[in-house]
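Below is one structure, written out as structure tokens; the observations come after it.
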Amino acid sequence: MIPVKVDRAEPTDLYEQVAAEIRRAIAEGEAEPGERLPPAKDLAAVLGVNTNTVLRALRLLREEGLLEFRRGRGISVAGTPAQGAVVQKARELVAFARRHGYRVDELVELINKLA
């Protein structure tokens, strides 16, 4: 099991602390691509937090491209921190472009011109 710890005295939200600890474990090779994570309820019990807190952290990591949810197979590590960082920056770029009136296809065209 990935060693995850939370500090209730810290001002950072618990779900963000859980996500950060899992990110660190992936970065340090404690959890490698393809490896399954324990069920959210087991992680929650070990950490002494609500299952929803763990689920929120896991969903955040899925959005970053680090985790993959598969029905009947659980949650597994899908990527590396570098891949997760690129996915996060891409999401930020899409949001930034939309705020400035660009559609996704226009953004892709712009990126292709620059590449």
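If you're wondering about the labels, chains in the structure tokens are A, B, ... by order shown, residues count from 1 in each chain, ligands from 1 in order shown.
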Hey, what does DSSP flag as alpha helix (DSSP H) within range 40-98 of chain A? Can you give it to me as a ChimeraX atom specification?
-> /A:40-47,51-63,81-98
Export, as a compact mmCIF listing (two decimals), in the first residue's frame, the selected residues with N, CA, C and O atoms.
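The result, stored in again_1.txt:
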```txt
# COMPACT_ATOMS: atom_id res chain seq x y z
N ALA A 40 -10.83 2.80 -2.33
CA ALA A 40 -10.94 4.10 -1.64
C ALA A 40 -11.34 3.92 -0.18
O ALA A 40 -10.81 4.61 0.69
N LYS A 41 -12.25 2.97 0.10
CA LYS A 41 -12.68 2.80 1.49
C LYS A 41 -11.54 2.30 2.36
O LYS A 41 -11.45 2.66 3.54
N ASP A 42 -10.64 1.49 1.81
CA ASP A 42 -9.48 1.02 2.58
C ASP A 42 -8.51 2.16 2.85
O ASP A 42 -7.98 2.29 3.96
N LEU A 43 -8.25 2.97 1.82
CA LEU A 43 -7.37 4.13 2.01
C LEU A 43 -7.97 5.08 3.06
O LEU A 43 -7.26 5.59 3.92
N ALA A 44 -9.27 5.31 2.96
CA ALA A 44 -9.94 6.20 3.91
C ALA A 44 -9.82 5.67 5.34
O ALA A 44 -9.57 6.45 6.27
N ALA A 45 -9.98 4.37 5.52
CA ALA A 45 -9.88 3.78 6.86
C ALA A 45 -8.47 3.95 7.43
O ALA A 45 -8.31 4.29 8.61
N VAL A 46 -7.46 3.72 6.60
CA VAL A 46 -6.08 3.86 7.04
C VAL A 46 -5.76 5.30 7.42
O VAL A 46 -5.07 5.57 8.41
N LEU A 47 -6.30 6.25 6.63
CA LEU A 47 -6.02 7.66 6.86
C LEU A 47 -6.90 8.29 7.92
O LEU A 47 -6.61 9.38 8.41
N THR A 51 -14.50 8.46 3.12
CA THR A 51 -14.27 7.85 1.81
C THR A 51 -14.43 8.88 0.70
O THR A 51 -13.70 8.85 -0.29
N ASN A 52 -15.38 9.81 0.86
CA ASN A 52 -15.58 10.84 -0.16
C ASN A 52 -14.35 11.74 -0.32
O ASN A 52 -14.09 12.22 -1.42
N THR A 53 -13.60 11.94 0.75
CA THR A 53 -12.36 12.72 0.67
C THR A 53 -11.36 12.02 -0.23
O THR A 53 -10.75 12.64 -1.10
N VAL A 54 -11.21 10.72 -0.04
CA VAL A 54 -10.29 9.94 -0.86
C VAL A 54 -10.79 9.90 -2.31
O VAL A 54 -10.00 10.07 -3.24
N LEU A 55 -12.08 9.69 -2.50
CA LEU A 55 -12.63 9.65 -3.86
C LEU A 55 -12.39 10.97 -4.59
O LEU A 55 -12.08 10.98 -5.78
N ARG A 56 -12.53 12.08 -3.88
CA ARG A 56 -12.29 13.39 -4.50
C ARG A 56 -10.83 13.51 -4.94
O ARG A 56 -10.54 14.00 -6.03
N ALA A 57 -9.91 13.05 -4.11
CA ALA A 57 -8.48 13.07 -4.46
C ALA A 57 -8.22 12.18 -5.67
O ALA A 57 -7.48 12.56 -6.58
N LEU A 58 -8.81 10.99 -5.68
CA LEU A 58 -8.60 10.06 -6.79
C LEU A 58 -9.17 10.61 -8.09
O LEU A 58 -8.55 10.47 -9.16
N ARG A 59 -10.32 11.27 -8.03
CA ARG A 59 -10.90 11.88 -9.24
C ARG A 59 -10.00 12.99 -9.77
O ARG A 59 -9.82 13.14 -10.97
N LEU A 60 -9.44 13.78 -8.86
CA LEU A 60 -8.51 14.84 -9.26
C LEU A 60 -7.31 14.25 -10.01
O LEU A 60 -6.91 14.75 -11.06
N LEU A 61 -6.77 13.16 -9.48
CA LEU A 61 -5.62 12.52 -10.12
C LEU A 61 -6.00 11.88 -11.45
O LEU A 61 -5.20 11.82 -12.37
N ARG A 62 -7.24 11.40 -11.56
CA ARG A 62 -7.72 10.87 -12.84
C ARG A 62 -7.78 11.99 -13.87
O ARG A 62 -7.35 11.82 -15.01
N GLU A 63 -8.28 13.16 -13.47
CA GLU A 63 -8.35 14.31 -14.37
C GLU A 63 -6.96 14.75 -14.82
O GLU A 63 -6.80 15.25 -15.93
N PRO A 81 4.18 11.37 -13.48
CA PRO A 81 3.93 12.76 -13.09
C PRO A 81 4.14 13.73 -14.26
O PRO A 81 3.41 14.71 -14.37
N ALA A 82 5.09 13.43 -15.13
CA ALA A 82 5.32 14.31 -16.28
C ALA A 82 4.08 14.32 -17.18
O ALA A 82 3.65 15.38 -17.64
N GLN A 83 3.50 13.15 -17.43
CA GLN A 83 2.29 13.10 -18.24
C GLN A 83 1.16 13.85 -17.56
O GLN A 83 0.41 14.58 -18.20
N GLY A 84 1.04 13.67 -16.26
CA GLY A 84 0.01 14.37 -15.50
C GLY A 84 0.18 15.87 -15.57
O GLY A 84 -0.79 16.62 -15.70
N ALA A 85 1.43 16.34 -15.50
CA ALA A 85 1.70 17.78 -15.57
C ALA A 85 1.33 18.33 -16.94
O ALA A 85 0.76 19.42 -17.05
N VAL A 86 1.62 17.59 -18.00
CA VAL A 86 1.28 18.04 -19.35
C VAL A 86 -0.24 18.10 -19.52
O VAL A 86 -0.77 19.07 -20.08
N VAL A 87 -0.94 17.09 -19.03
CA VAL A 87 -2.41 17.08 -19.12
C VAL A 87 -2.97 18.29 -18.38
O VAL A 87 -3.87 18.98 -18.88
N GLN A 88 -2.45 18.56 -17.20
CA GLN A 88 -2.94 19.70 -16.41
C GLN A 88 -2.70 21.01 -17.15
O GLN A 88 -3.58 21.87 -17.22
N LYS A 89 -1.52 21.20 -17.72
CA LYS A 89 -1.22 22.43 -18.46
C LYS A 89 -2.10 22.54 -19.69
O LYS A 89 -2.53 23.63 -20.05
N ALA A 90 -2.36 21.42 -20.36
CA ALA A 90 -3.24 21.44 -21.53
C ALA A 90 -4.65 21.89 -21.13
O ALA A 90 -5.29 22.68 -21.83
N ARG A 91 -5.14 21.37 -20.01
CA ARG A 91 -6.46 21.80 -19.52
C ARG A 91 -6.48 23.30 -19.24
O ARG A 91 -7.45 24.00 -19.57
N GLU A 92 -5.41 23.79 -18.63
CA GLU A 92 -5.32 25.21 -18.33
C GLU A 92 -5.29 26.03 -19.62
O GLU A 92 -5.94 27.08 -19.71
N LEU A 93 -4.56 25.55 -20.63
CA LEU A 93 -4.49 26.25 -21.90
C LEU A 93 -5.85 26.30 -22.59
O LEU A 93 -6.26 27.34 -23.11
N VAL A 94 -6.56 25.19 -22.58
CA VAL A 94 -7.90 25.15 -23.18
C VAL A 94 -8.83 26.13 -22.46
O VAL A 94 -9.56 26.90 -23.11
N ALA A 95 -8.80 26.13 -21.15
CA ALA A 95 -9.64 27.05 -20.39
C ALA A 95 -9.26 28.50 -20.68
O ALA A 95 -10.13 29.36 -20.87
N PHE A 96 -7.97 28.79 -20.75
CA PHE A 96 -7.48 30.14 -21.05
C PHE A 96 -7.94 30.57 -22.44
O PHE A 96 -8.44 31.69 -22.62
N ALA A 97 -7.80 29.68 -23.41
CA ALA A 97 -8.20 30.00 -24.79
C ALA A 97 -9.70 30.26 -24.86
O ALA A 97 -10.14 31.21 -25.53
N ARG A 98 -10.49 29.45 -24.17
CA ARG A 98 -11.95 29.65 -24.18
C ARG A 98 -12.33 31.00 -23.58
O ARG A 98 -13.24 31.67 -24.06
```
Proximity to Ala27 in chain A - best of A:Leu14, A:Val77, A:Val104, A:Leu110, only C-alpha atoms = A:Val77
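Of the listed residues (A:Arg103, A:Ile26, A:Pro38, A:Leu114), A:Ile26 comes nearest to Gly79 in chain A; the distances count only C-alpha atoms.
When only C-alpha atoms are used to measure the gap to Ile22 in chain A, the shortest distance among A:Arg73, A:Lys113, A:His100, A:Lys5 belongs to A:Lys5.
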DSSP-assigned strand (DSSP E or B) among chain A, expressed as a VMD selection string | chain A and resid 36 67 to 70 74 to 77
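In this comparison, which uses only C-alpha atoms, the residue of A:Ala25, A:Tyr15, A:Gly65, A:Val49 approaching Leu37 in chain A most closely is A:Ala25.
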